[in-house]
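Engineer: So I've got this file, upload19.txt, and it contains compact mmCIF, C-alpha atoms and all ligand atoms:
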```
# COMPACT_ATOMS: atom_id res chain seq x y z
CA MET Q 1 -1.06 28.44 19.08
CA THR Q 2 -0.90 25.46 16.70
CA TYR Q 3 -3.07 24.83 13.63
CA SER Q 4 -4.93 22.06 15.42
CA GLU Q 5 -5.66 24.35 18.40
CA LYS Q 6 -6.96 27.07 16.05
CA ILE Q 7 -9.26 24.59 14.27
CA ASN Q 8 -10.38 23.24 17.63
CA LEU Q 9 -11.30 26.69 18.95
CA PHE Q 10 -13.11 27.65 15.77
CA ILE Q 11 -15.05 24.46 15.20
CA LYS Q 12 -16.27 24.35 18.81
CA THR Q 13 -18.02 27.69 18.18
CA LYS Q 14 -20.05 25.94 15.44
CA THR Q 15 -20.78 22.61 17.07
CA ASP Q 16 -19.95 21.05 20.42
CA ASP Q 17 -19.46 17.62 18.82
CA PRO Q 18 -17.45 18.04 15.58
CA LYS Q 19 -17.45 14.89 13.48
CA ALA Q 20 -15.23 13.78 10.62
CA PHE Q 21 -15.40 11.07 7.99
CA ILE Q 22 -12.50 9.71 5.94
CA ARG Q 23 -12.58 7.40 2.92
CA VAL Q 24 -9.33 5.92 1.63
CA PHE Q 25 -8.80 4.59 -1.89
CA GLY Q 26 -5.75 2.86 -3.29
CA CYS Q 27 -2.53 1.59 -1.85
CA GLN Q 28 -1.01 1.18 1.61
CA GLN Q 29 0.88 4.43 1.16
CA ASN Q 30 -2.51 6.15 1.09
CA GLU Q 31 -3.55 4.22 4.21
CA ALA Q 32 -0.40 5.47 5.93
CA ASP Q 33 -1.07 9.07 4.82
CA ALA Q 34 -4.65 8.71 6.04
CA GLU Q 35 -3.43 7.60 9.48
CA LYS Q 36 -1.39 10.82 9.74
CA ILE Q 37 -4.31 12.95 8.59
CA CYS Q 38 -6.61 11.21 11.08
CA GLY Q 39 -4.07 11.92 13.84
CA PHE Q 40 -4.16 15.63 12.98
CA VAL Q 41 -7.96 15.76 12.63
CA LEU Q 42 -8.44 14.07 16.01
CA LYS Q 43 -5.99 16.52 17.57
CA SER Q 44 -8.10 19.31 16.08
CA GLY Q 45 -11.10 18.23 18.15
CA PHE Q 46 -13.07 16.03 15.75
CA ARG Q 47 -14.21 12.47 16.35
CA PHE Q 48 -14.51 10.05 13.45
CA VAL Q 49 -17.87 8.64 12.40
CA GLU Q 50 -18.80 5.97 9.85
CA CYS Q 51 -21.36 8.04 8.00
CA GLU Q 52 -20.64 10.91 5.58
CA GLN Q 53 -24.08 12.49 6.16
CA GLU Q 54 -23.39 13.03 9.88
CA SER Q 55 -20.02 14.73 9.35
CA ASP Q 56 -18.78 18.29 9.58
CA LEU Q 57 -15.60 17.36 7.70
CA ILE Q 58 -15.31 14.81 4.88
CA ILE Q 59 -11.90 13.78 3.56
CA PHE Q 60 -11.26 11.53 0.56
CA VAL Q 61 -7.76 10.13 0.13
CA THR Q 62 -7.57 9.36 -3.58
CA CYS Q 63 -5.56 7.15 -5.92
CA ALA Q 64 -4.42 7.86 -9.48
CA VAL Q 65 -2.76 4.59 -10.39
CA ARG Q 66 -5.51 3.18 -12.60
CA HIS Q 67 -7.92 5.01 -14.85
CA THR Q 68 -10.91 2.85 -13.86
CA ALA Q 69 -10.23 3.44 -10.15
CA GLN Q 70 -10.07 7.17 -10.79
CA ASN Q 71 -13.47 7.11 -12.53
CA LYS Q 72 -14.98 5.23 -9.59
CA ILE Q 73 -13.60 7.83 -7.18
CA PHE Q 74 -15.24 10.58 -9.25
CA GLY Q 75 -18.52 8.66 -8.84
CA HIS Q 76 -18.07 8.79 -5.04
CA ILE Q 77 -17.09 12.47 -5.14
CA GLY Q 78 -20.19 13.27 -7.22
CA ARG Q 79 -22.42 11.82 -4.51
CA LEU Q 80 -21.04 14.34 -1.98
CA LYS Q 81 -22.90 17.12 -3.81
CA LYS Q 82 -26.18 16.06 -2.21
CA ILE Q 83 -24.59 16.12 1.25
CA LYS Q 84 -23.29 19.65 0.64
CA GLU Q 85 -26.76 20.74 -0.50
CA ILE Q 86 -28.33 19.42 2.71
CA ASN Q 87 -25.53 20.70 4.93
CA PRO Q 88 -23.70 23.67 3.31
CA ASN Q 89 -21.40 23.95 6.37
CA VAL Q 90 -19.69 20.63 5.76
CA PHE Q 91 -16.02 20.95 4.66
CA ILE Q 92 -15.08 18.59 1.85
CA VAL Q 93 -11.41 17.85 1.20
CA ILE Q 94 -9.99 15.83 -1.70
CA PHE Q 95 -6.46 14.71 -0.87
CA GLY Q 96 -4.04 12.33 -2.57
CA CYS Q 97 -2.48 11.34 -5.86
CA MET Q 98 -5.47 12.35 -7.99
CA ALA Q 99 -5.18 15.85 -6.62
CA GLU Q 100 -1.57 16.06 -7.85
CA GLN Q 101 -2.71 16.03 -11.48
CA LYS Q 102 -3.37 19.41 -13.03
CA GLU Q 103 -6.22 18.26 -15.28
CA ILE Q 104 -7.99 16.62 -12.32
CA CYS Q 105 -7.71 19.79 -10.22
CA GLU Q 106 -9.11 21.72 -13.17
CA LYS Q 107 -11.99 19.25 -13.56
CA ILE Q 108 -12.81 19.58 -9.84
CA ARG Q 109 -12.59 23.37 -10.01
CA LEU Q 110 -14.97 23.54 -12.97
CA HIS Q 111 -17.42 20.71 -12.33
CA TYR Q 112 -17.29 19.89 -8.63
CA LYS Q 113 -17.62 23.35 -7.14
CA PHE Q 114 -18.94 21.95 -3.85
CA ILE Q 115 -15.42 20.70 -3.00
CA ASP Q 116 -13.76 23.09 -0.56
CA LEU Q 117 -10.14 22.02 -0.66
CA VAL Q 118 -7.91 19.97 -2.98
CA ILE Q 119 -4.49 18.88 -1.66
CA GLY Q 120 -1.98 16.70 -3.53
CA SER Q 121 -0.10 13.90 -1.74
CA LYS Q 122 3.21 15.74 -2.07
CA SER Q 123 1.75 18.52 0.09
CA ILE Q 124 0.87 16.37 3.10
CA ASP Q 125 3.17 18.51 5.26
CA ALA Q 126 1.02 21.55 4.41
CA PHE Q 127 -2.20 19.72 5.32
CA PRO Q 128 -2.59 21.35 8.80
CA LYS Q 129 -2.09 24.87 7.44
CA LEU Q 130 -4.40 24.42 4.43
CA LEU Q 131 -7.16 22.74 6.45
CA CYS Q 132 -6.90 25.37 9.19
CA GLU Q 133 -7.15 28.23 6.69
CA GLU Q 134 -10.11 26.61 4.93
CA ILE Q 135 -12.03 25.96 8.11
CA THR Q 136 -11.32 29.22 9.94
CA GLY Q 137 -11.25 31.40 6.80
CA GLU Q 138 -8.05 33.13 7.94
CA ASN Q 139 -4.42 32.98 6.82
CA TYR Q 140 -1.79 31.87 9.29
CA ASN Q 141 1.90 31.29 9.13
CA ILE Q 142 2.60 29.00 12.02
CA CYS Q 143 5.77 26.93 11.76
CA GLU Q 144 4.04 23.59 12.21
CA LYS Q 145 3.69 20.65 9.86
CA ILE Q 146 2.64 17.07 10.37
CA PRO Q 147 5.72 16.07 12.34
CA GLU Q 148 7.36 12.68 12.09
CA GLU Q 149 6.74 11.96 15.74
CA MET Q 150 3.12 13.05 15.70
CA PRO Q 151 0.93 10.28 17.07
CA VAL Q 152 -0.89 8.85 14.06
CA LYS Q 153 -4.36 7.43 14.46
CA ARG Q 154 -3.63 3.82 13.56
CA LYS Q 155 -6.47 1.71 12.25
CA SER Q 156 -5.28 -1.39 14.06
CA ASN Q 157 -3.73 -1.92 17.47
CA PHE Q 158 -1.59 -4.84 16.34
CA LYS Q 159 -0.70 -4.10 12.68
CA ALA Q 160 1.22 -0.98 11.69
CA TRP Q 161 2.58 0.62 8.54
CA VAL Q 162 5.88 2.42 9.01
CA SER Q 163 6.76 4.74 6.14
CA ILE Q 164 10.47 4.61 5.38
CA ILE Q 165 10.64 6.28 1.96
CA SER Q 166 8.26 8.30 -0.13
CA GLY Q 167 8.23 9.07 -3.84
CA CYS Q 168 9.89 7.20 -6.66
CA ASN Q 169 12.73 7.95 -9.09
CA ASN Q 170 12.16 5.05 -11.43
CA PHE Q 171 9.75 6.38 -14.04
CA CYS Q 172 8.51 3.02 -15.25
CA SER Q 173 6.97 3.96 -18.57
CA TYR Q 174 3.38 3.06 -17.57
CA CYS Q 175 3.28 4.62 -14.11
CA VAL Q 176 2.15 8.02 -12.80
CA VAL Q 177 3.54 7.58 -9.28
CA PRO Q 178 6.79 9.55 -9.82
CA PHE Q 179 4.68 12.46 -11.12
CA VAL Q 180 2.17 12.43 -8.29
CA ARG Q 181 4.42 11.41 -5.39
CA GLY Q 182 7.63 13.15 -6.44
CA GLN Q 183 11.29 12.20 -5.96
CA GLU Q 184 12.39 9.56 -3.46
CA LYS Q 185 12.89 10.86 0.05
CA SER Q 186 14.05 8.53 2.82
CA ARG Q 187 13.23 9.11 6.47
CA SER Q 188 16.12 9.01 8.87
CA ALA Q 189 16.90 5.56 10.21
CA SER Q 190 16.84 6.79 13.81
CA GLU Q 191 13.24 8.04 13.41
CA ILE Q 192 12.21 4.73 11.84
CA LEU Q 193 13.91 2.67 14.55
CA ASN Q 194 12.32 4.82 17.28
CA GLU Q 195 8.91 4.34 15.74
CA ILE Q 196 9.35 0.56 15.49
CA ASN Q 197 10.69 0.32 19.05
CA HIS Q 198 7.70 2.30 20.26
CA LEU Q 199 5.25 0.10 18.32
CA VAL Q 200 6.82 -3.11 19.59
CA LYS Q 201 6.66 -1.83 23.18
CA LYS Q 202 2.98 -1.06 22.64
CA GLY Q 203 2.46 -4.67 21.59
CA TYR Q 204 2.24 -4.36 17.79
CA LYS Q 205 2.71 -7.75 16.17
CA ASP Q 206 2.96 -6.97 12.47
CA ILE Q 207 5.13 -4.15 11.16
CA THR Q 208 5.31 -3.35 7.47
CA LEU Q 209 7.99 -0.99 6.17
CA LEU Q 210 6.31 1.08 3.53
CA GLY Q 211 7.33 2.97 0.43
CA GLN Q 212 6.93 2.95 -3.35
CA ASN Q 213 10.40 1.50 -3.61
CA VAL Q 214 11.58 0.44 -0.14
CA ASN Q 215 14.75 -1.27 -1.25
CA SER Q 216 16.25 1.93 -2.65
CA TYR Q 217 16.09 3.31 0.91
CA GLU Q 218 19.13 5.46 1.67
CA ASP Q 219 19.17 8.07 4.43
CA GLY Q 220 22.67 9.34 3.66
CA LYS Q 221 24.21 7.02 6.25
CA ILE Q 222 22.64 3.62 5.81
CA CYS Q 223 20.90 1.63 3.05
CA PHE Q 224 17.98 -0.81 3.16
CA SER Q 225 20.03 -3.90 4.11
CA ASP Q 226 21.66 -1.95 6.98
CA LEU Q 227 18.23 -0.80 8.12
CA ILE Q 228 17.03 -4.43 8.23
CA LEU Q 229 20.14 -5.36 10.26
CA GLU Q 230 19.30 -2.58 12.73
CA ILE Q 231 15.67 -3.71 12.99
CA ASN Q 232 16.93 -7.26 13.56
CA LYS Q 233 18.43 -6.03 16.85
CA ILE Q 234 15.04 -4.90 18.22
CA LYS Q 235 13.84 -7.28 20.89
CA GLY Q 236 10.24 -8.44 20.81
CA ASP Q 237 7.91 -10.80 19.04
CA PHE Q 238 6.68 -9.36 15.74
CA PHE Q 239 6.47 -10.09 12.03
CA LEU Q 240 8.53 -7.75 9.86
CA ASN Q 241 7.37 -7.14 6.29
CA PHE Q 242 8.10 -4.56 3.62
CA MET Q 243 6.44 -3.32 0.48
CA THR Q 244 6.91 -2.57 -2.34
CA SER Q 245 10.35 -3.44 -3.58
CA HIS Q 246 11.89 -3.18 -7.04
CA PRO Q 247 13.79 -6.12 -8.57
CA LYS Q 248 16.55 -3.82 -9.84
CA ASN Q 249 17.32 -2.75 -6.25
CA MET Q 250 17.02 -6.20 -4.70
CA ASN Q 251 20.45 -7.58 -3.86
CA LYS Q 252 22.24 -10.30 -1.91
CA GLU Q 253 22.96 -7.99 1.05
CA ILE Q 254 19.24 -7.37 1.56
CA ILE Q 255 18.43 -11.06 1.25
CA ASP Q 256 21.24 -11.98 3.67
CA ALA Q 257 19.96 -9.41 6.19
CA LEU Q 258 16.45 -10.86 5.91
CA ALA Q 259 17.78 -14.40 6.29
CA GLU Q 260 19.41 -13.35 9.60
CA SER Q 261 16.28 -11.62 10.86
CA PRO Q 262 14.46 -13.11 13.84
CA HIS Q 263 11.39 -11.12 12.75
CA PHE Q 264 11.10 -11.48 8.97
CA GLY Q 265 8.04 -13.62 8.34
CA GLY Q 266 8.98 -14.72 4.82
CA ARG Q 267 6.73 -12.53 2.71
CA PHE Q 268 8.59 -11.51 -0.46
CA HIS Q 269 6.55 -9.42 -2.86
CA LEU Q 270 8.68 -8.58 -5.88
CA PRO Q 271 6.72 -7.16 -8.84
CA VAL Q 272 8.14 -8.55 -12.08
CA GLN Q 273 5.49 -7.08 -14.46
CA SER Q 274 6.55 -9.12 -17.52
CA GLY Q 275 8.68 -12.11 -18.47
CA SER Q 276 9.75 -10.63 -21.80
CA ASN Q 277 13.05 -8.75 -21.82
CA ARG Q 278 11.83 -6.68 -24.76
CA ILE Q 279 8.73 -5.56 -22.84
CA LEU Q 280 10.70 -5.02 -19.62
CA LYS Q 281 12.90 -2.64 -21.60
CA LEU Q 282 9.87 -0.79 -22.98
CA MET Q 283 8.57 -0.60 -19.42
CA ASN Q 284 11.92 0.90 -18.30
CA ARG Q 285 12.24 -1.69 -15.55
CA ASN Q 286 16.04 -2.09 -15.76
CA TYR Q 287 16.33 -5.83 -15.16
CA THR Q 288 15.91 -8.95 -17.27
CA LYS Q 289 13.90 -12.11 -16.76
CA GLN Q 290 17.16 -13.98 -16.07
CA LYS Q 291 18.30 -11.46 -13.46
CA TYR Q 292 14.88 -11.61 -11.78
CA LEU Q 293 15.00 -15.41 -11.58
CA GLU Q 294 18.55 -15.25 -10.22
CA ILE Q 295 17.40 -12.99 -7.38
CA ILE Q 296 14.46 -15.13 -6.34
CA ASN Q 297 16.51 -18.33 -6.61
CA TYR Q 298 19.14 -16.82 -4.29
CA ALA Q 299 16.39 -15.68 -1.92
CA ARG Q 300 14.87 -19.18 -1.81
CA LEU Q 301 18.27 -20.70 -1.18
CA LYS Q 302 18.94 -18.41 1.79
CA ILE Q 303 15.36 -18.32 3.14
CA PRO Q 304 13.65 -21.62 2.31
CA TYR Q 305 10.35 -20.66 3.97
CA LEU Q 306 9.75 -17.71 1.61
CA THR Q 307 6.34 -16.98 0.13
CA ILE Q 308 7.05 -15.15 -3.13
CA THR Q 309 4.31 -13.12 -4.80
CA SER Q 310 4.40 -10.73 -7.74
CA ASP Q 311 2.53 -8.21 -9.91
CA LEU Q 312 2.13 -8.66 -13.66
CA ILE Q 313 0.79 -6.44 -16.42
CA VAL Q 314 -0.87 -8.12 -19.39
CA GLY Q 315 -1.29 -6.38 -22.74
CA PHE Q 316 1.40 -3.70 -22.38
CA PRO Q 317 1.63 -1.71 -25.67
CA GLY Q 318 3.45 -3.82 -28.24
CA GLU Q 319 3.17 -7.08 -26.29
CA LEU Q 320 3.23 -9.89 -28.87
CA ARG Q 321 2.16 -13.48 -28.31
CA GLU Q 322 5.82 -14.50 -27.98
CA ASP Q 323 6.36 -11.84 -25.28
CA PHE Q 324 3.35 -13.16 -23.42
CA GLU Q 325 4.71 -16.69 -23.70
CA GLU Q 326 7.92 -15.48 -22.02
CA THR Q 327 5.69 -14.29 -19.16
CA LEU Q 328 4.00 -17.70 -18.97
CA ASP Q 329 7.43 -19.32 -18.90
CA LEU Q 330 8.53 -16.99 -16.12
CA ILE Q 331 5.60 -17.78 -13.85
CA LYS Q 332 6.20 -21.51 -14.34
CA LEU Q 333 9.85 -21.08 -13.36
CA ALA Q 334 9.28 -18.58 -10.56
CA LYS Q 335 6.49 -20.61 -8.90
CA PHE Q 336 4.87 -17.64 -7.20
CA SER Q 337 2.42 -18.43 -4.42
CA SER Q 338 0.08 -15.89 -5.94
CA ILE Q 339 0.15 -13.00 -8.39
CA PHE Q 340 -1.75 -9.77 -8.85
CA THR Q 341 -2.46 -9.40 -12.55
CA PHE Q 342 -3.65 -6.26 -14.28
CA ILE Q 343 -4.60 -5.52 -17.85
CA TYR Q 344 -2.52 -2.53 -18.98
CA SER Q 345 -4.31 0.73 -18.38
CA LYS Q 346 -3.17 3.89 -20.20
CA ARG Q 347 -2.14 6.75 -17.90
CA LYS Q 348 -1.95 10.32 -19.09
CA GLY Q 349 1.50 11.89 -19.13
CA THR Q 350 3.42 8.62 -19.11
CA VAL Q 351 5.84 7.46 -21.84
CA ALA Q 352 3.70 4.37 -22.54
CA GLU Q 353 0.69 6.55 -23.30
CA LYS Q 354 2.28 7.41 -26.65
CA MET Q 355 3.30 3.83 -27.54
CA PRO Q 356 1.25 2.16 -30.30
CA ASP Q 357 -1.13 -0.32 -28.70
CA LEU Q 358 -2.50 -2.56 -31.43
CA THR Q 359 -3.49 -5.65 -29.41
CA PRO Q 360 -7.30 -5.96 -29.33
CA HIS Q 361 -8.83 -5.79 -25.84
CA SER Q 362 -10.43 -9.23 -26.36
CA GLU Q 363 -6.93 -10.69 -26.90
CA LYS Q 364 -5.71 -9.00 -23.70
CA ILE Q 365 -8.60 -10.53 -21.75
CA SER Q 366 -7.86 -13.94 -23.17
CA ARG Q 367 -4.14 -13.60 -22.18
CA PHE Q 368 -5.21 -12.42 -18.73
CA ASN Q 369 -7.41 -15.52 -18.28
CA GLU Q 370 -4.73 -17.85 -19.61
CA LEU Q 371 -2.21 -16.42 -17.15
CA ALA Q 372 -4.69 -16.65 -14.27
CA ASN Q 373 -5.50 -20.30 -15.05
CA ILE Q 374 -1.84 -21.35 -15.13
CA GLN Q 375 -1.10 -19.43 -11.94
CA ASN Q 376 -4.13 -20.96 -10.23
CA SER Q 377 -2.82 -24.45 -10.78
CA ILE Q 378 0.67 -23.39 -9.56
CA SER Q 379 -0.85 -21.82 -6.42
CA GLU Q 380 -2.98 -24.89 -5.80
CA LYS Q 381 0.10 -27.16 -5.92
CA ILE Q 382 2.08 -24.86 -3.61
CA PHE Q 383 -0.76 -24.58 -1.10
CA THR Q 384 -1.49 -28.33 -1.17
CA LYS Q 385 2.11 -28.97 -0.06
CA GLU Q 386 1.32 -26.98 3.11
CA ILE Q 387 -1.14 -29.60 4.37
CA GLY Q 388 0.16 -31.11 7.59
CA LYS Q 389 2.72 -28.33 8.17
CA LYS Q 390 2.74 -26.13 11.27
CA HIS Q 391 2.77 -22.34 11.06
CA LYS Q 392 3.05 -19.40 13.40
CA ILE Q 393 0.03 -17.24 12.62
CA LEU Q 394 -1.30 -13.85 13.63
CA ILE Q 395 -5.03 -13.83 14.38
CA GLU Q 396 -6.20 -10.81 12.41
CA SER Q 397 -9.98 -10.87 12.56
CA CYS Q 398 -12.69 -12.97 14.12
CA GLN Q 399 -16.10 -13.62 12.68
CA ASP Q 400 -19.01 -15.54 14.22
CA ASN Q 401 -17.46 -18.93 14.02
CA MET Q 402 -14.17 -18.41 12.26
CA ALA Q 403 -10.85 -16.67 12.75
CA LEU Q 404 -8.97 -15.14 9.81
CA CYS Q 405 -5.27 -15.43 10.38
CA ARG Q 406 -2.06 -14.86 8.42
CA THR Q 407 1.26 -16.65 8.32
CA GLY Q 408 4.48 -14.63 8.39
CA GLY Q 409 4.54 -15.16 4.62
CA GLY Q 410 1.19 -13.38 4.33
CA VAL Q 411 -0.90 -16.47 3.47
CA ILE Q 412 -4.45 -16.43 4.85
CA VAL Q 413 -5.32 -19.31 7.17
CA LYS Q 414 -8.93 -19.79 8.20
CA ILE Q 415 -9.59 -21.49 11.52
CA LYS Q 416 -13.07 -22.66 12.50
CA GLY Q 417 -14.19 -21.71 16.02
CA LYS Q 418 -14.68 -18.71 18.27
CA TYR Q 419 -11.34 -17.06 19.04
CA SER Q 420 -12.14 -13.38 19.55
CA GLU Q 421 -10.18 -13.33 22.81
CA LEU Q 422 -7.06 -14.19 20.76
CA LEU Q 423 -7.47 -11.32 18.27
CA GLY Q 424 -4.15 -9.62 17.58
CA THR Q 425 -2.04 -12.38 19.13
CA PHE Q 426 0.21 -15.06 17.70
CA ALA Q 427 -0.78 -18.72 17.73
CA GLU Q 428 0.44 -21.94 16.21
CA CYS Q 429 -1.64 -23.90 13.76
CA LYS Q 430 -1.55 -27.05 11.71
CA ILE Q 431 -2.75 -26.83 8.11
CA THR Q 432 -5.57 -29.27 7.38
CA SER Q 433 -6.58 -28.42 3.82
CA ALA Q 434 -5.82 -26.01 1.02
CA GLN Q 435 -7.77 -23.88 -1.42
CA ARG Q 436 -6.35 -21.90 -4.33
CA SER Q 437 -5.82 -18.71 -2.36
CA PHE Q 438 -5.97 -19.65 1.31
CA LEU Q 439 -5.49 -22.49 3.77
CA TRP Q 440 -7.62 -24.12 6.43
CA GLY Q 441 -6.07 -25.04 9.73
CA ASN Q 442 -6.56 -25.93 13.39
CA LEU Q 443 -4.99 -24.21 16.35
CA ILE Q 444 -2.49 -26.35 18.17
S1 LIG O 501 8.95 1.59 -9.34
FE1 LIG O 501 7.90 1.96 -11.29
S2 LIG O 501 5.86 1.07 -10.94
FE2 LIG O 501 6.76 1.37 -8.92
S3 LIG O 501 6.09 3.38 -8.25
FE3 LIG O 501 8.06 3.68 -9.24
S4 LIG O 501 7.59 4.15 -11.36
FE4 LIG O 501 5.73 3.27 -10.47
```
Go ahead and express the file in the form of structure tokens.

Structural biologist:
Amino acid sequence: MTYSEKINLFIKTKTDDPKAFIRVFGCQQNEADAEKICGFVLKSGFRFVECEQESDLIIFVTCAVRHTAQNKIFGHIGRLKKIKEINPNVFIVIFGCMAEQKEICEKIRLHYKFIDLVIGSKSIDAFPKLLCEEITGENYNICEKIPEEMPVKRKSNFKAWVSIISGCNNFCSYCVVPFVRGQEKSRSASEILNEINHLVKKGYKDITLLGQNVNSYEDGKICFSDLILEINKIKGDFFLNFMTSHPKNMNKEIIDALAESPHFGGRFHLPVQSGSNRILKLMNRNYTKQKYLEIINYARLKIPYLTITSDLIVGFPGELREDFEETLDLIKLAKFSSIFTFIYSKRKGTVAEKMPDLTPHSEKISRFNELANIQNSISEKIFTKEIGKKHKILIESCQDNMALCRTGGGVIVKIKGKYSELLGTFAECKITSAQRSFLWGNLI
């Protein structure tokens, strides 16, 4: 008997309609983990509901990347106490990166005693066993984990995440991910290709290869550029994307493979983090501003329709005005379509935690605003140039009188009108006007 069958048998003795609730915080990797967990929970006889109060099982998938996010999650966890008081039979599980940190587990053990089970992201394979033992109250040793081929419960029926690598070996000095997600581990290419083939046959239109550092993918036989070349051979009509990639592992072979791809939509998210070589060194990023610009210039040369976006950290410990000006210079040269900017947030256990950080917070906010203003005018110019152009778009959601769509490059296009019958399909549109972060268009 499998873990899911054991849970199923047990839970049906308590209720004939077991219900589960899941809340996901953080990145796409967490979304992908949550899809696996949902697949297992469904197999165990539960159905998902939208309301925590109605549930017999509550699962939080947590994120540890930013301190503020972590505090917010604790706020949500705290509110579960009331639910447990009203319904002491509910099982509450905290899963994810937060649960990988010793001090967080200790805090939960001491102050959140109503939590039944805490499982770190690295232990996702043990999720069935741990959940089964918690729910049934017995110990089992069944040789079953969440298998690669297990049908995940995907949130969408036209957009899919496909995990290709987990963990990270980079140890950027500000980041907790290598501690909470562990060493890089690539899935085998044949499993990935099978999954993509299967998704394409089922009609999925947008496939994103997922990992903390996708471009260091290496399954012992093939690397990331080879994997792209293999995916290029898959027949079907779909956008291929990937996230997140590291500039130090981005190379000409990968860009050439993308340029050849009939599926690559043109979305190129390459987090640069800073334009100052001194700060990049302190961050342990292992590339320079010049090297970064070389890569994106080569990419633009080979793939002229690229939409390049990036992540930047403002106010890293020791960042001087001249370092920040290097960052401003970089964004002017790189001409990103958009950027995700964060003010540096100290994370326990990282190298940067111990670095002297003398820049006042007010100065960091002012740099953040200055960067945002310059980027806004760059984005506005880039988007204005789109007016009159035609794009293949995927219709991703439909509201009362408007469809929200996305180009292959990931840019949002809003189309006025009722198009719910076209949800999840490709269409062609002509751009009619531009805002700072999205476009307006008409279907052709
Ligand atoms: S590459 Fe750096 S920032 Fe990205 S997950 Fe790894 S350590 Fe964190």

Engineer: Could you state the separation of CA of Ala334 in chain Q and CA of Ala434 in chain Q in Å, given to one decimal place?

Structural biologist: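 Separating CA of Ala334 in chain Q from CA of Ala434 in chain Q is a distance of 20.4 Å.
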
Engineer: Just checking: using only C-alpha atoms and all ligand atoms, which residue out of Q:Phe10, Q:Phe114, Q:Phe171, Q:Phe324 ends up closest to ligand LIG 501 (chain O)?

Structural biologist: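 Nearest to ligand LIG 501 (chain O): Q:Phe171.
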
Engineer: Given all atoms listed in the file, how would the per-residue table for chain Q near ligand LIG 501 (chain O) read, listing every residue at most 7 Å away with its closest atom pair and distance in Å to one decimal, sorted by chain and number, as a tab-separated table?

Structural biologist:
```
residue	atom	partner	partner_atom	distance
Q:Cys168	CA	O:LIG501	FE3	4.7
Q:Asn169	CA	O:LIG501	FE3	6.3
Q:Asn170	CA	O:LIG501	S4	4.7
Q:Phe171	CA	O:LIG501	S4	4.1
Q:Cys172	CA	O:LIG501	FE1	4.1
Q:Cys175	CA	O:LIG501	FE4	4.6
Q:Val176	CA	O:LIG501	FE4	6.4
Q:Val177	CA	O:LIG501	FE4	5.0
Q:Pro178	CA	O:LIG501	S4	5.7
Q:Gln212	CA	O:LIG501	S3	5.0
Q:Asn213	CA	O:LIG501	S1	5.9
Q:His246	CA	O:LIG501	S1	6.1
```

Engineer: Might you pull out every residue within 7 Å of Val314 in chain Q, with all atoms listed in the file counted and same-chain residues fewer than 5 positions away left off, and present them as a PyMOL selection string?

Structural biologist: chain Q and resi 342-344+364+367-368

Engineer: Using only C-alpha atoms, please write the residues we just selected to a file, as a PDB file, in the coordinates of the input.

Structural biologist:
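Dumped to result.pdb:
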```
ATOM      1  CA  PHE Q 342      -3.650  -6.260 -14.280  1.00  0.00           C
ATOM      2  CA  ILE Q 343      -4.600  -5.520 -17.850  1.00  0.00           C
ATOM      3  CA  TYR Q 344      -2.520  -2.530 -18.980  1.00  0.00           C
ATOM      4  CA  LYS Q 364      -5.710  -9.000 -23.700  1.00  0.00           C
ATOM      5  CA  ARG Q 367      -4.140 -13.600 -22.180  1.00  0.00           C
ATOM      6  CA  PHE Q 368      -5.210 -12.420 -18.730  1.00  0.00           C
TER       7      PHE Q 368
END
```

Engineer: Please, what distance in Å, to one decimal, runs between CA of Ile207 in chain Q and CA of Leu394 in chain Q?

Structural biologist: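 So the two atoms, CA of Ile207 in chain Q and CA of Leu394 in chain Q, lie 11.9 Å apart.
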
Engineer: By how many Å are CA of Leu240 in chain Q and CA of Asp206 in chain Q apart?

Structural biologist: 6.2 Å

Engineer: May I ask which of the residues Q:Gly441, Q:Ala403, Q:Glu52, Q:Lys291 is the closest one to Lys82 in chain Q, counting all atoms listed in the file?

Structural biologist: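 Using all atoms listed in the file, Lys82 in chain Q sits closest to Q:Glu52.
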
Engineer: For a quick check of understanding, using only C-alpha atoms, which of Q:Ile83, Q:Ile119, Q:Leu282, Q:Ile196 has the smallest distance to Ala352 in chain Q?

Structural biologist: Q:Leu282

Engineer: Could you list, as an mmCIF file with C-alpha atoms, keeping the file's coordinate frame, every residue within 9 Å of Arg66 in chain Q, counting only C-alpha atoms and ignoring same-chain residues fewer than 6 positions away?

Structural biologist:
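Wrote it out as around_19.cif, contents follow:
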```cif
data_model
loop_
_atom_site.group_PDB
_atom_site.id
_atom_site.type_symbol
_atom_site.label_atom_id
_atom_site.label_comp_id
_atom_site.auth_asym_id
_atom_site.auth_seq_id
_atom_site.Cartn_x
_atom_site.Cartn_y
_atom_site.Cartn_z
ATOM 1 C CA SER Q 345 -4.310 0.730 -18.380
ATOM 2 C CA LYS Q 346 -3.170 3.890 -20.200
ATOM 3 C CA ARG Q 347 -2.140 6.750 -17.900
#
```

Engineer: Pick out the closest residue to Lys6 in chain Q from this set: Q:Leu193, Q:Leu209, Q:Ile135, Q:Val65. Count only C-alpha atoms.

Structural biologist: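 Using only C-alpha atoms, the shortest distance to Lys6 in chain Q belongs to Q:Ile135.
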
Engineer: Quick one: of Q:Gly220, Q:Ile296, Q:Leu422, Q:Cys63, who's nearest to Phe158 in chain Q, counting all atoms listed in the file?

Structural biologist: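 Smallest distance to Phe158 in chain Q is found for Q:Leu422.
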
Engineer: Within 10 Å of Ser188 in chain Q, counting all atoms listed in the file, which residues show up once you throw out same-chain ones fewer than 5 positions away? Write them as a list in words, please.

Structural biologist: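 The residues that qualify are Ile164, Ile165, Leu193, Tyr217, Glu218, Asp219, Gly220, Lys221 and Ile222 of chain Q.
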